[in-house]
Amino acid sequence: MSDGIFIGGGGPEYSDAQRLSLKYANRHGLIAGATGTGKTVTLQILAEGFSAAGVPVFLSDVKGDLSGLAEAGSDTFKLHGAFTSRADKIGLTDYGYRAYPVTFWDLFGQDGHPVRTTLAEMGPLLLSRLMELSEAQEGIMNIAFRVADEEGMPLLDLKDLQALLVWVGENRDALSLRYGNVSVQSVGAIQRQLMVLENQGGAELFGEPALDLSDLMQIGADGRGQINILEASKLMGSPRLYATFLLWLLSELFETLPEVGDPDKPKLVFFFDEAHLLFDDAPKALVDKVEQVARLIRSKGVGVYFITQNPDDVPEDILGQLGNRFQHALRAFTARDRKALSRAAETYRPNERFSTVDAIRDVGVGEAVTSMLEDKGVPGIVERTLIRPPSSKLGPIDDAGRRAALAASPVAGKYETRIDRQSAYEMLAARAEKAAADAAKAEEAAEEKSVAEREFNAGRRYSGSRVERSSAQRKSTGGGFGEAITGALLKELKGTTGRRIVRGILGGLFKSR
């Protein structure tokens with residue numbers, strides 16, 4: 001492994017070793033190909049190679065097949081003969097079965113350790129993308145985050161944001177003067193989207209303890225890198241949540257990790273499966289953000305590998321950053337498919353032995369057209385490569401194996417218990433309780449005043465002496481319209497709305513004195 005990761009055999013007889021140089025592994029990569037052409041196995045053997053070289057890996061398991069990395073393959077497996085035969089053909093003399101150190105993660109906390117972040121860490125841009133907000137609604141989201149920051153109110157989970165948006169709506173007049181228009185309709189639309197996100201399971205994503213990025217970058221005592229597998233089969237039911245979470249994680253790595261220049265091997269390799277979900281209907285600001293991360297994160301020792309069916313799923317500016325290519329078969333059934341095939345072939349250095357277009361169309365299952373960076377970061381000549389067989393189990397492990405892996409995990413017990421500390425929700429609730437208590441006291445003080453005193457405070461001030469009403473006059477007016485209104489008002493004041501009215505009336509009276 002000193003000179004790289006063995007990928008498979010190329011050349012006329014598949015006997016020429018094809019290796020991915022660890023020195024250039026942080027220059028990113030692409031794994032592409034139609035369904036059923038072997039992309040998952042290529043991802044599996046790359047994860048094995050990086051782990052064996054002491055490089056931690058993070059990947060998402062969309063179909064549930066990659067959990068087999070936690071167990072060794074078996075000579076009783078139906079493909080054992082085919083695997084050993086392929087190993088002999090490509091010159092893999094030390095081929096054997098072995099398990100790899102795996103940590104399972106799950107946003108829903110069911111098939112892996114819970115993985116969470118806070119709303120403050122996610123930020124208004126990604127959160128707005130997640131909820132498909134309009135430009136005006138995204139503006140209000142930015143106002144809410146600004147207010148939370150200025151008021152010292154941490155935004156940790158969904159109920160924090162829901163409570164803050166209620167406060168923003170109630171104080172929209174004052175906020176509009178400072179930050180711009182805040183409409184009740186837009187606030188209501190955001191609240192509805194938050195409810196949809198909560199129903200989709202998004203509430204599980206936000207909270208504490210938040211994910212510590214160092215837990216993704218662990219190296220075992222045997223020198224092998226930890227393979228972090230995000231259970232995503234259920235998460236794919238909410239594709240925007242899936243894509244936004246992975247983009248957040250990538251952004252956090254970019255913003256948190258220090259610069260390391262060009263290391264001898266990556267500090268972490270990040271595989272982004274179903275990459276097209278990241279770019280579908282994405283606003284330009286988001287695509288620019290991904291491009292910036294892809295361009296600069298390599299200097300922090302992180303390699304990013306996108307997995308998708310067609311290279312056209314990745315924007316051209318980002319595709320140009322992906323130096324290591326593993327292209328499985330592309331089908332050319334339509335004119336559009338043929339154009340995509342031609343464009344894919346044009347991105348490789350040609351090989352005089354074969355046509356790149358024909359190779360991409362004709363390679364079989366388990367075979368790929370590869371090009372990896374060589375000395376000084378120059379793209380290698382394209383080659384038809386027979387991918388090596390995996391050493392770990394091909395396919396998913398059973399529930400018992402998953403439970404054993406979770407129990408042996410280096411982060412076992414760290415994230416299972418949710419923490420709910422004081423944050424925006426609790427702070428705003430305390431303010432509301434204090435305001436209600438103050439209103440109740442004002443109401444009691446107002447009721448204790450004598451009728452004469454209240455009449456005096458409410459009446460017009462004269463410099464002459466006040467003329468007292470006779471008892472007859474008081475008696476004649478006591479049972480009329482005024483008494484009925486007073487009784488109705490006092491009844492209304494016993495409720496919450498009444499207390500607000502009292503505060504408004506008393507405030508006006510006190511200011512007039």
# chains A, B, ... in the order shown; residues from 1 in each chain; ligands from 1

$ closest_atom_pairs --of "segment 158-216 of chain A" --to "segment 124-133 of chain A" --cutoff "12 Å" --atoms "only C-alpha atoms" --output "Markdown table"
| residue | atom | partner | partner_atom | distance |
| --- | --- | --- | --- | --- |
| A:Leu158 | CA | A:Leu127 | CA | 11.1 |
| A:Leu161 | CA | A:Pro124 | CA | 10.9 |
| A:Ser186 | CA | A:Leu133 | CA | 9.5 |
| A:Val187 | CA | A:Leu133 | CA | 10.9 |
| A:Gly188 | CA | A:Leu133 | CA | 11.8 |
| A:Ala189 | CA | A:Leu133 | CA | 8.5 |
| A:Ile190 | CA | A:Leu133 | CA | 7.3 |
| A:Gln191 | CA | A:Met131 | CA | 10.2 |
| A:Arg192 | CA | A:Met131 | CA | 9.7 |
| A:Gln193 | CA | A:Met131 | CA | 5.9 |
| A:Leu194 | CA | A:Met131 | CA | 7.3 |
| A:Met195 | CA | A:Met131 | CA | 10.0 |
| A:Val196 | CA | A:Met131 | CA | 8.5 |
| A:Leu197 | CA | A:Met131 | CA | 7.1 |
| A:Glu198 | CA | A:Met131 | CA | 10.7 |
| A:Gln200 | CA | A:Met131 | CA | 11.2 |
| A:Gly202 | CA | A:Leu130 | CA | 9.8 |
| A:Leu205 | CA | A:Leu127 | CA | 11.8 |
| A:Phe206 | CA | A:Leu127 | CA | 11.0 |

$ select_by_dssp --residues "segment 29-244 of chain A" --states "helix (DSSP H, G or I)" --output "number ranges by chain"
A: 39-52, 66-70, 80-90, 119-130, 135-150, 158-170, 172-179, 184-199, 202-205, 213-216, 235-237, 239-244

$ closest_residue --among "A:Glu48, A:Asp65, A:Asp264, A:Glu433" --to "Tyr100 of chain A" --atoms "only C-alpha atoms"
A:Glu48

$ residues_around --residues "Ala144 of chain A" --least-positions-apart "6" --cutoff "12 Å" --atoms "only C-alpha atoms" --output "mmCIF file with N, CA and C atoms, in the first residue's frame"
data_model
loop_
_atom_site.group_PDB
_atom_site.id
_atom_site.type_symbol
_atom_site.label_atom_id
_atom_site.label_comp_id
_atom_site.auth_asym_id
_atom_site.auth_seq_id
_atom_site.Cartn_x
_atom_site.Cartn_y
_atom_site.Cartn_z
ATOM 1 N N LEU A 119 -29.322 23.863 14.697
ATOM 2 C CA LEU A 119 -29.784 24.801 13.677
ATOM 3 C C LEU A 119 -28.748 25.901 13.426
ATOM 4 N N ALA A 120 -28.096 26.340 14.503
ATOM 5 C CA ALA A 120 -27.091 27.393 14.357
ATOM 6 C C ALA A 120 -25.936 26.927 13.464
ATOM 7 N N GLY A 123 -27.217 26.737 9.718
ATOM 8 C CA GLY A 123 -27.249 28.071 9.131
ATOM 9 C C GLY A 123 -28.478 28.298 8.265
ATOM 10 N N PRO A 124 -28.805 29.568 8.012
ATOM 11 C CA PRO A 124 -30.046 29.891 7.284
ATOM 12 C C PRO A 124 -30.031 29.486 5.819
ATOM 13 N N GLN A 137 -38.936 34.384 1.935
ATOM 14 C CA GLN A 137 -38.937 33.570 3.150
ATOM 15 C C GLN A 137 -37.516 33.326 3.653
ATOM 16 N N GLU A 138 -36.589 33.161 2.733
ATOM 17 C CA GLU A 138 -35.184 33.013 3.136
ATOM 18 C C GLU A 138 -34.687 34.277 3.819
ATOM 19 N N GLU A 150 -28.108 38.288 18.145
ATOM 20 C CA GLU A 150 -28.014 39.538 18.891
ATOM 21 C C GLU A 150 -28.627 39.422 20.285
ATOM 22 N N GLU A 151 -29.659 38.601 20.422
ATOM 23 C CA GLU A 151 -30.324 38.440 21.712
ATOM 24 C C GLU A 151 -29.697 37.353 22.571
ATOM 25 N N MET A 153 -29.715 34.057 22.059
ATOM 26 C CA MET A 153 -30.617 32.915 22.184
ATOM 27 C C MET A 153 -30.131 31.783 21.278
ATOM 28 N N PRO A 154 -29.559 30.723 21.827
ATOM 29 C CA PRO A 154 -29.057 29.620 20.995
ATOM 30 C C PRO A 154 -30.191 28.942 20.231
ATOM 31 N N LEU A 155 -29.954 28.671 18.952
ATOM 32 C CA LEU A 155 -30.894 27.898 18.132
ATOM 33 C C LEU A 155 -30.344 26.486 17.990
ATOM 34 N N ASP A 160 -36.918 25.558 18.982
ATOM 35 C CA ASP A 160 -36.285 26.875 19.162
ATOM 36 C C ASP A 160 -36.648 27.803 18.015
ATOM 37 N N LEU A 161 -36.540 27.304 16.790
ATOM 38 C CA LEU A 161 -36.832 28.140 15.623
ATOM 39 C C LEU A 161 -38.326 28.444 15.537
ATOM 40 N N GLN A 162 -39.158 27.471 15.859
ATOM 41 C CA GLN A 162 -40.603 27.704 15.822
ATOM 42 C C GLN A 162 -41.003 28.801 16.808
ATOM 43 N N ALA A 163 -40.454 28.755 18.023
ATOM 44 C CA ALA A 163 -40.770 29.782 19.017
ATOM 45 C C ALA A 163 -40.227 31.144 18.599
ATOM 46 N N LEU A 164 -39.028 31.158 18.026
ATOM 47 C CA LEU A 164 -38.431 32.430 17.600
ATOM 48 C C LEU A 164 -39.243 33.064 16.474
ATOM 49 N N LEU A 165 -39.753 32.254 15.553
ATOM 50 C CA LEU A 165 -40.551 32.799 14.454
ATOM 51 C C LEU A 165 -41.860 33.403 14.962
ATOM 52 N N VAL A 166 -42.453 32.813 16.013
ATOM 53 C CA VAL A 166 -43.636 33.412 16.628
ATOM 54 C C VAL A 166 -43.288 34.797 17.176
ATOM 55 N N TRP A 167 -42.162 34.902 17.851
ATOM 56 C CA TRP A 167 -41.716 36.183 18.401
ATOM 57 C C TRP A 167 -41.457 37.186 17.285
ATOM 58 N N VAL A 168 -40.831 36.729 16.186
ATOM 59 C CA VAL A 168 -40.570 37.610 15.051
ATOM 60 C C VAL A 168 -41.878 38.133 14.473
ATOM 61 N N GLY A 169 -42.877 37.254 14.355
ATOM 62 C CA GLY A 169 -44.163 37.683 13.836
ATOM 63 C C GLY A 169 -44.849 38.696 14.733
ATOM 64 N N ASN A 171 -43.421 40.809 16.693
ATOM 65 C CA ASN A 171 -42.643 42.053 16.735
ATOM 66 C C ASN A 171 -42.240 42.511 15.336
ATOM 67 N N ARG A 172 -43.050 42.151 14.338
ATOM 68 C CA ARG A 172 -42.685 42.413 12.953
ATOM 69 C C ARG A 172 -42.559 43.896 12.640
ATOM 70 N N LEU A 175 -39.156 45.056 13.822
ATOM 71 C CA LEU A 175 -38.100 44.398 13.046
ATOM 72 C C LEU A 175 -38.076 44.900 11.607
ATOM 73 N N SER A 176 -39.249 45.190 11.056
ATOM 74 C CA SER A 176 -39.307 45.660 9.668
ATOM 75 C C SER A 176 -38.585 46.986 9.489
ATOM 76 N N TYR A 179 -34.711 45.677 9.628
ATOM 77 C CA TYR A 179 -34.176 44.653 8.734
ATOM 78 C C TYR A 179 -34.913 44.555 7.401
ATOM 79 N N VAL A 182 -41.249 42.198 7.179
ATOM 80 C CA VAL A 182 -41.533 40.885 7.756
ATOM 81 C C VAL A 182 -43.043 40.698 7.686
ATOM 82 N N VAL A 187 -43.986 34.307 7.454
ATOM 83 C CA VAL A 187 -43.687 33.598 8.703
ATOM 84 C C VAL A 187 -44.536 32.340 8.793
ATOM 85 N N ILE A 190 -43.168 29.596 6.509
ATOM 86 C CA ILE A 190 -41.986 28.944 7.082
ATOM 87 C C ILE A 190 -42.399 27.960 8.172
ATOM 88 N N ALA A 424 -33.299 28.991 22.844
ATOM 89 C CA ALA A 424 -34.248 30.040 22.474
ATOM 90 C C ALA A 424 -35.661 29.737 22.966
#

$ residues_around --residues "Pro311 of chain A" --least-positions-apart "3" --cutoff "12 Å" --atoms "only C-alpha atoms" --output "number ranges by chain"
A: 29-34, 274-276, 306-308, 314-320, 322, 325-330, 337, 339-347

$ write_last_selection --atoms "N, CA, C and O atoms" --output "compact mmCIF listing (two decimals), in the first residue's frame"
# COMPACT_ATOMS: atom_id res chain seq x y z
N GLY A 29 -12.53 12.76 -6.82
CA GLY A 29 -12.76 11.72 -7.82
C GLY A 29 -14.23 11.56 -8.16
O GLY A 29 -15.11 12.16 -7.55
N LEU A 30 -14.46 10.73 -9.16
CA LEU A 30 -15.80 10.46 -9.66
C LEU A 30 -15.95 8.97 -9.91
O LEU A 30 -15.08 8.34 -10.52
N ILE A 31 -17.05 8.41 -9.41
CA ILE A 31 -17.43 7.03 -9.73
C ILE A 31 -18.78 7.12 -10.43
O ILE A 31 -19.77 7.54 -9.82
N ALA A 32 -18.82 6.75 -11.71
CA ALA A 32 -20.05 6.90 -12.48
C ALA A 32 -20.35 5.63 -13.24
O ALA A 32 -19.48 4.77 -13.46
N GLY A 33 -21.62 5.49 -13.63
CA GLY A 33 -22.03 4.33 -14.40
C GLY A 33 -23.50 4.02 -14.20
O GLY A 33 -24.11 4.42 -13.21
N ALA A 34 -24.05 3.30 -15.15
CA ALA A 34 -25.46 2.94 -15.09
C ALA A 34 -25.72 1.98 -13.94
O ALA A 34 -24.80 1.37 -13.37
N GLU A 274 -25.25 9.15 -4.79
CA GLU A 274 -26.43 9.81 -5.38
C GLU A 274 -26.20 11.32 -5.45
O GLU A 274 -27.01 12.14 -5.02
N ALA A 275 -25.07 11.69 -6.04
CA ALA A 275 -24.64 13.09 -6.05
C ALA A 275 -25.60 13.99 -6.79
O ALA A 275 -25.65 15.20 -6.53
N HIS A 276 -26.37 13.43 -7.71
CA HIS A 276 -27.28 14.29 -8.49
C HIS A 276 -28.31 14.97 -7.59
O HIS A 276 -28.82 16.05 -7.91
N PHE A 306 -17.56 11.82 -5.78
CA PHE A 306 -18.98 11.84 -6.12
C PHE A 306 -19.34 10.55 -6.85
O PHE A 306 -18.63 10.13 -7.77
N ILE A 307 -20.46 9.94 -6.45
CA ILE A 307 -20.95 8.72 -7.09
C ILE A 307 -22.30 9.03 -7.71
O ILE A 307 -23.21 9.50 -7.02
N THR A 308 -22.42 8.80 -9.02
CA THR A 308 -23.65 9.10 -9.72
C THR A 308 -23.73 8.25 -10.97
O THR A 308 -22.76 7.59 -11.37
N VAL A 314 -23.16 16.15 -12.58
CA VAL A 314 -22.29 17.04 -11.82
C VAL A 314 -21.99 18.27 -12.67
O VAL A 314 -21.59 18.13 -13.83
N PRO A 315 -22.19 19.48 -12.14
CA PRO A 315 -21.88 20.69 -12.91
C PRO A 315 -20.45 20.69 -13.42
O PRO A 315 -19.53 20.18 -12.78
N GLU A 316 -20.27 21.28 -14.59
CA GLU A 316 -18.98 21.23 -15.28
C GLU A 316 -17.85 21.81 -14.45
O GLU A 316 -16.73 21.27 -14.43
N ASP A 317 -18.09 22.92 -13.74
CA ASP A 317 -17.04 23.55 -12.95
C ASP A 317 -16.57 22.63 -11.82
O ASP A 317 -15.40 22.67 -11.42
N ILE A 318 -17.49 21.84 -11.29
CA ILE A 318 -17.13 20.90 -10.22
C ILE A 318 -16.50 19.64 -10.82
O ILE A 318 -15.54 19.10 -10.27
N LEU A 319 -17.04 19.20 -11.96
CA LEU A 319 -16.49 18.01 -12.62
C LEU A 319 -15.02 18.20 -12.95
O LEU A 319 -14.22 17.26 -12.89
N GLY A 320 -14.64 19.44 -13.28
CA GLY A 320 -13.24 19.71 -13.60
C GLY A 320 -12.30 19.58 -12.43
O GLY A 320 -11.08 19.52 -12.61
N LEU A 322 -12.43 16.98 -10.36
CA LEU A 322 -12.39 15.56 -10.00
C LEU A 322 -11.32 14.86 -10.83
O LEU A 322 -11.54 14.49 -11.99
N ARG A 325 -10.84 9.20 -11.89
CA ARG A 325 -12.09 8.81 -12.52
C ARG A 325 -12.24 7.28 -12.58
O ARG A 325 -11.30 6.57 -12.96
N PHE A 326 -13.43 6.81 -12.25
CA PHE A 326 -13.78 5.39 -12.36
C PHE A 326 -15.12 5.34 -13.09
O PHE A 326 -16.18 5.48 -12.48
N GLN A 327 -15.06 5.14 -14.39
CA GLN A 327 -16.25 5.21 -15.23
C GLN A 327 -16.71 3.81 -15.61
O GLN A 327 -16.10 3.13 -16.42
N HIS A 328 -17.80 3.36 -15.02
CA HIS A 328 -18.42 2.10 -15.43
C HIS A 328 -19.27 2.35 -16.66
O HIS A 328 -19.36 3.48 -17.16
N ALA A 329 -19.92 1.32 -17.14
CA ALA A 329 -20.60 1.39 -18.43
C ALA A 329 -21.72 2.44 -18.44
O ALA A 329 -22.47 2.56 -17.47
N LEU A 330 -21.78 3.18 -19.54
CA LEU A 330 -22.90 4.08 -19.82
C LEU A 330 -23.68 3.52 -21.00
O LEU A 330 -23.08 3.12 -22.01
N ASP A 337 -28.32 10.06 -24.77
CA ASP A 337 -27.34 9.18 -24.14
C ASP A 337 -26.03 9.17 -24.93
O ASP A 337 -24.94 9.16 -24.35
N LYS A 339 -24.81 11.55 -26.79
CA LYS A 339 -24.10 12.81 -26.57
C LYS A 339 -23.40 12.80 -25.22
O LYS A 339 -22.25 13.25 -25.10
N ALA A 340 -24.09 12.28 -24.20
CA ALA A 340 -23.49 12.21 -22.86
C ALA A 340 -22.28 11.27 -22.87
O ALA A 340 -21.26 11.55 -22.22
N LEU A 341 -22.38 10.16 -23.60
CA LEU A 341 -21.26 9.23 -23.71
C LEU A 341 -20.07 9.89 -24.38
O LEU A 341 -18.92 9.74 -23.93
N SER A 342 -20.33 10.65 -25.44
CA SER A 342 -19.24 11.33 -26.14
C SER A 342 -18.58 12.37 -25.25
O SER A 342 -17.34 12.48 -25.23
N ARG A 343 -19.39 13.13 -24.51
CA ARG A 343 -18.82 14.15 -23.61
C ARG A 343 -17.98 13.50 -22.51
O ARG A 343 -16.92 14.01 -22.14
N ALA A 344 -18.45 12.36 -21.98
CA ALA A 344 -17.69 11.67 -20.94
C ALA A 344 -16.34 11.20 -21.47
O ALA A 344 -15.30 11.31 -20.80
N ALA A 345 -16.31 10.69 -22.71
CA ALA A 345 -15.07 10.18 -23.29
C ALA A 345 -14.06 11.29 -23.53
O ALA A 345 -12.84 11.07 -23.45
N GLU A 346 -14.54 12.49 -23.83
CA GLU A 346 -13.65 13.61 -24.13
C GLU A 346 -12.86 14.08 -22.92
O GLU A 346 -11.88 14.81 -23.08
N THR A 347 -13.25 13.69 -21.73
CA THR A 347 -12.55 14.15 -20.52
C THR A 347 -11.35 13.29 -20.17
O THR A 347 -10.69 13.56 -19.17

$ closest_residue --among "A:Ala294, A:Gly201, A:Val287, A:Thr93" --to "Gly237 of chain A" --atoms "only C-alpha atoms"
A:Gly201

$ select_by_dssp --residues "segment 128-282 of chain A" --states "strand (DSSP E or B)" --output "ChimeraX atom specification"
/A:206,208,219,225,227-231,268-272

$ write_last_selection --atoms "N, CA, C and O atoms" --output "short mmCIF file (atom, residue, chain, number, x, y, z; two decimals), in the first residue's frame"
data_model
loop_
_atom_site.label_atom_id
_atom_site.label_comp_id
_atom_site.auth_asym_id
_atom_site.auth_seq_id
_atom_site.Cartn_x
_atom_site.Cartn_y
_atom_site.Cartn_z
N PHE A 206 -31.78 17.69 14.35
CA PHE A 206 -31.38 18.90 15.06
C PHE A 206 -31.45 18.69 16.57
O PHE A 206 -32.48 18.26 17.10
N GLU A 208 -28.81 18.27 20.43
CA GLU A 208 -27.52 17.95 21.04
C GLU A 208 -27.60 16.60 21.76
O GLU A 208 -28.69 16.17 22.14
N ILE A 219 -8.38 6.67 13.91
CA ILE A 219 -7.51 5.61 13.41
C ILE A 219 -7.29 4.62 14.54
O ILE A 219 -6.95 4.99 15.66
N GLY A 225 -7.74 3.03 9.23
CA GLY A 225 -8.69 4.12 9.37
C GLY A 225 -10.11 3.61 9.60
O GLY A 225 -10.49 2.57 9.05
N ILE A 227 -13.99 3.31 9.09
CA ILE A 227 -14.94 3.50 8.00
C ILE A 227 -16.29 3.87 8.61
O ILE A 227 -16.92 3.08 9.32
N ASN A 228 -16.73 5.10 8.37
CA ASN A 228 -18.00 5.60 8.91
C ASN A 228 -19.07 5.42 7.84
O ASN A 228 -18.97 5.98 6.74
N ILE A 229 -20.11 4.65 8.17
CA ILE A 229 -21.18 4.36 7.23
C ILE A 229 -22.46 5.01 7.71
O ILE A 229 -22.96 4.70 8.81
N LEU A 230 -23.00 5.92 6.91
CA LEU A 230 -24.28 6.54 7.22
C LEU A 230 -25.39 5.69 6.62
O LEU A 230 -25.47 5.51 5.41
N GLU A 231 -26.24 5.13 7.48
CA GLU A 231 -27.38 4.35 7.01
C GLU A 231 -28.37 5.29 6.32
O GLU A 231 -28.97 6.16 6.95
N LEU A 268 -8.98 12.42 5.49
CA LEU A 268 -10.32 11.84 5.42
C LEU A 268 -10.73 11.79 3.96
O LEU A 268 -10.42 12.70 3.19
N VAL A 269 -11.45 10.73 3.60
CA VAL A 269 -12.02 10.63 2.26
C VAL A 269 -13.54 10.55 2.41
O VAL A 269 -14.06 9.73 3.18
N PHE A 270 -14.22 11.40 1.66
CA PHE A 270 -15.67 11.58 1.78
C PHE A 270 -16.32 11.13 0.48
O PHE A 270 -16.04 11.69 -0.58
N PHE A 271 -17.19 10.12 0.55
CA PHE A 271 -17.90 9.63 -0.62
C PHE A 271 -19.33 10.15 -0.59
O PHE A 271 -20.06 9.95 0.38
N PHE A 272 -19.73 10.81 -1.68
CA PHE A 272 -21.06 11.43 -1.76
C PHE A 272 -21.87 10.64 -2.80
O PHE A 272 -21.81 10.90 -3.99
#

$ residues_around --residues "segment 41-43 of chain A" --least-positions-apart "6" --cutoff "9 Å" --atoms "only C-alpha atoms" --output "list in words"
Ile7, Ile31, Leu59, Leu66, Phe271, Ile307, Phe326, Gly366, Ala368, Ile387, Arg388, Pro389, Pro390 and Leu394 of chain A

$ closest_residue --among "A:Asp280, A:Asp111, A:Asp106, A:Asp94" --to "Asp399 of chain A" --atoms "only C-alpha atoms"
A:Asp111

$ residues_around --residues "segment 299-303 of chain A" --least-positions-apart "4" --cutoff "8 Å" --atoms "only C-alpha atoms" --output "VMD selection string"
chain A and resid 25 to 29 254 257 to 263 265 to 270

$ closest_residue --among "A:Arg295, A:Ser21, A:Pro101, A:Ala440" --to "Gly223 of chain A" --atoms "only C-alpha atoms"
A:Pro101

$ atom_distance --atom1 "atom CA of Gly49 of chain A" --atom2 "atom CA of Ala359 of chain A"
25.4 Å

$ residues_around --residues "Pro12 of chain A" --least-positions-apart "2" --cutoff "12 Å" --atoms "only C-alpha atoms" --output "NGL selection string"
:A and (9-10 or 14-17 or 89-90 or 351-354 or 383-386)

$ write_last_selection --atoms "N, CA and C atoms" --output "mmCIF file, in the first residue's frame"
data_model
loop_
_atom_site.group_PDB
_atom_site.id
_atom_site.type_symbol
_atom_site.label_atom_id
_atom_site.label_comp_id
_atom_site.auth_asym_id
_atom_site.auth_seq_id
_atom_site.Cartn_x
_atom_site.Cartn_y
_atom_site.Cartn_z
ATOM 1 N N GLY A 9 -6.610 -4.619 -12.458
ATOM 2 C CA GLY A 9 -5.649 -4.873 -13.517
ATOM 3 C C GLY A 9 -6.087 -4.260 -14.833
ATOM 4 N N GLY A 10 -5.136 -3.635 -15.543
ATOM 5 C CA GLY A 10 -5.401 -3.070 -16.852
ATOM 6 C C GLY A 10 -4.501 -3.690 -17.890
ATOM 7 N N TYR A 14 -5.189 -7.577 -18.667
ATOM 8 C CA TYR A 14 -5.573 -7.146 -17.309
ATOM 9 C C TYR A 14 -4.490 -7.477 -16.272
ATOM 10 N N SER A 15 -3.254 -7.494 -16.703
ATOM 11 C CA SER A 15 -2.164 -7.860 -15.798
ATOM 12 C C SER A 15 -1.357 -6.660 -15.315
ATOM 13 N N ASP A 16 -1.642 -5.472 -15.837
ATOM 14 C CA ASP A 16 -0.921 -4.264 -15.415
ATOM 15 C C ASP A 16 -1.636 -3.655 -14.213
ATOM 16 N N ALA A 17 -0.925 -3.560 -13.095
ATOM 17 C CA ALA A 17 -1.534 -3.059 -11.861
ATOM 18 C C ALA A 17 -1.961 -1.598 -12.033
ATOM 19 N N LYS A 89 -6.057 -13.398 -12.068
ATOM 20 C CA LYS A 89 -5.961 -12.792 -13.398
ATOM 21 C C LYS A 89 -5.314 -11.418 -13.356
ATOM 22 N N ILE A 90 -5.601 -10.628 -12.298
ATOM 23 C CA ILE A 90 -5.079 -9.263 -12.216
ATOM 24 C C ILE A 90 -3.794 -9.192 -11.384
ATOM 25 N N ASN A 351 -6.169 6.512 -25.181
ATOM 26 C CA ASN A 351 -5.289 5.355 -25.202
ATOM 27 C C ASN A 351 -5.298 4.810 -26.625
ATOM 28 N N GLU A 352 -4.115 4.677 -27.216
ATOM 29 C CA GLU A 352 -4.047 4.272 -28.619
ATOM 30 C C GLU A 352 -4.548 2.850 -28.852
ATOM 31 N N ARG A 353 -4.688 2.069 -27.792
ATOM 32 C CA ARG A 353 -5.118 0.678 -27.962
ATOM 33 C C ARG A 353 -6.617 0.536 -28.206
ATOM 34 N N PHE A 354 -7.414 1.530 -27.805
ATOM 35 C CA PHE A 354 -8.854 1.371 -27.956
ATOM 36 C C PHE A 354 -9.528 2.745 -28.011
ATOM 37 N N GLU A 383 -7.589 3.734 -19.151
ATOM 38 C CA GLU A 383 -7.316 2.300 -19.195
ATOM 39 C C GLU A 383 -8.587 1.526 -18.868
ATOM 40 N N ARG A 384 -8.760 0.398 -19.553
ATOM 41 C CA ARG A 384 -9.830 -0.534 -19.200
ATOM 42 C C ARG A 384 -9.324 -1.397 -18.053
ATOM 43 N N THR A 385 -10.012 -1.322 -16.930
ATOM 44 C CA THR A 385 -9.520 -1.943 -15.701
ATOM 45 C C THR A 385 -10.535 -2.943 -15.175
ATOM 46 N N LEU A 386 -10.050 -4.138 -14.869
ATOM 47 C CA LEU A 386 -10.863 -5.144 -14.185
ATOM 48 C C LEU A 386 -10.720 -4.901 -12.689
#

$ closest_residue --among "A:Ala430, A:Leu277, A:Leu22, A:Ala335" --to "Ser238 of chain A" --atoms "only C-alpha atoms"
A:Leu277

$ atom_distance --atom1 "atom CA of Ala148 of chain A" --atom2 "atom CA of Arg418 of chain A"
22.3 Å

$ decode --residues "segment 261-270 of chain A" --atoms "N, CA and C atoms" --output "CSV table (one decimal), in the first residue's frame"
chain,number,residue,atom,x,y,z
A,261,GLY,N,-1.9,21.7,3.4
A,261,GLY,CA,-1.1,21.7,2.1
A,261,GLY,C,-1.3,20.4,1.3
A,262,ASP,N,-0.2,19.8,0.9
A,262,ASP,CA,-0.3,18.5,0.2
A,262,ASP,C,0.3,17.4,1.0
A,263,PRO,N,-0.6,16.7,1.8
A,263,PRO,CA,-0.1,15.6,2.6
A,263,PRO,C,0.2,14.4,1.8
A,264,ASP,N,1.0,13.5,2.4
A,264,ASP,CA,1.3,12.2,1.8
A,264,ASP,C,0.1,11.3,1.6
A,265,LYS,N,-0.9,11.5,2.4
A,265,LYS,CA,-2.2,10.8,2.2
A,265,LYS,C,-3.3,11.6,2.8
A,266,PRO,N,-4.5,11.5,2.4
A,266,PRO,CA,-5.6,12.3,2.9
A,266,PRO,C,-5.8,12.1,4.4
A,267,LYS,N,-6.4,13.1,5.1
A,267,LYS,CA,-6.8,12.9,6.5
A,267,LYS,C,-8.2,12.3,6.6
A,268,LEU,N,-9.0,12.4,5.5
A,268,LEU,CA,-10.3,11.8,5.4
A,268,LEU,C,-10.7,11.8,4.0
A,269,VAL,N,-11.4,10.7,3.6
A,269,VAL,CA,-12.0,10.6,2.3
A,269,VAL,C,-13.5,10.5,2.4
A,270,PHE,N,-14.2,11.4,1.7
A,270,PHE,CA,-15.7,11.6,1.8
A,270,PHE,C,-16.3,11.1,0.5
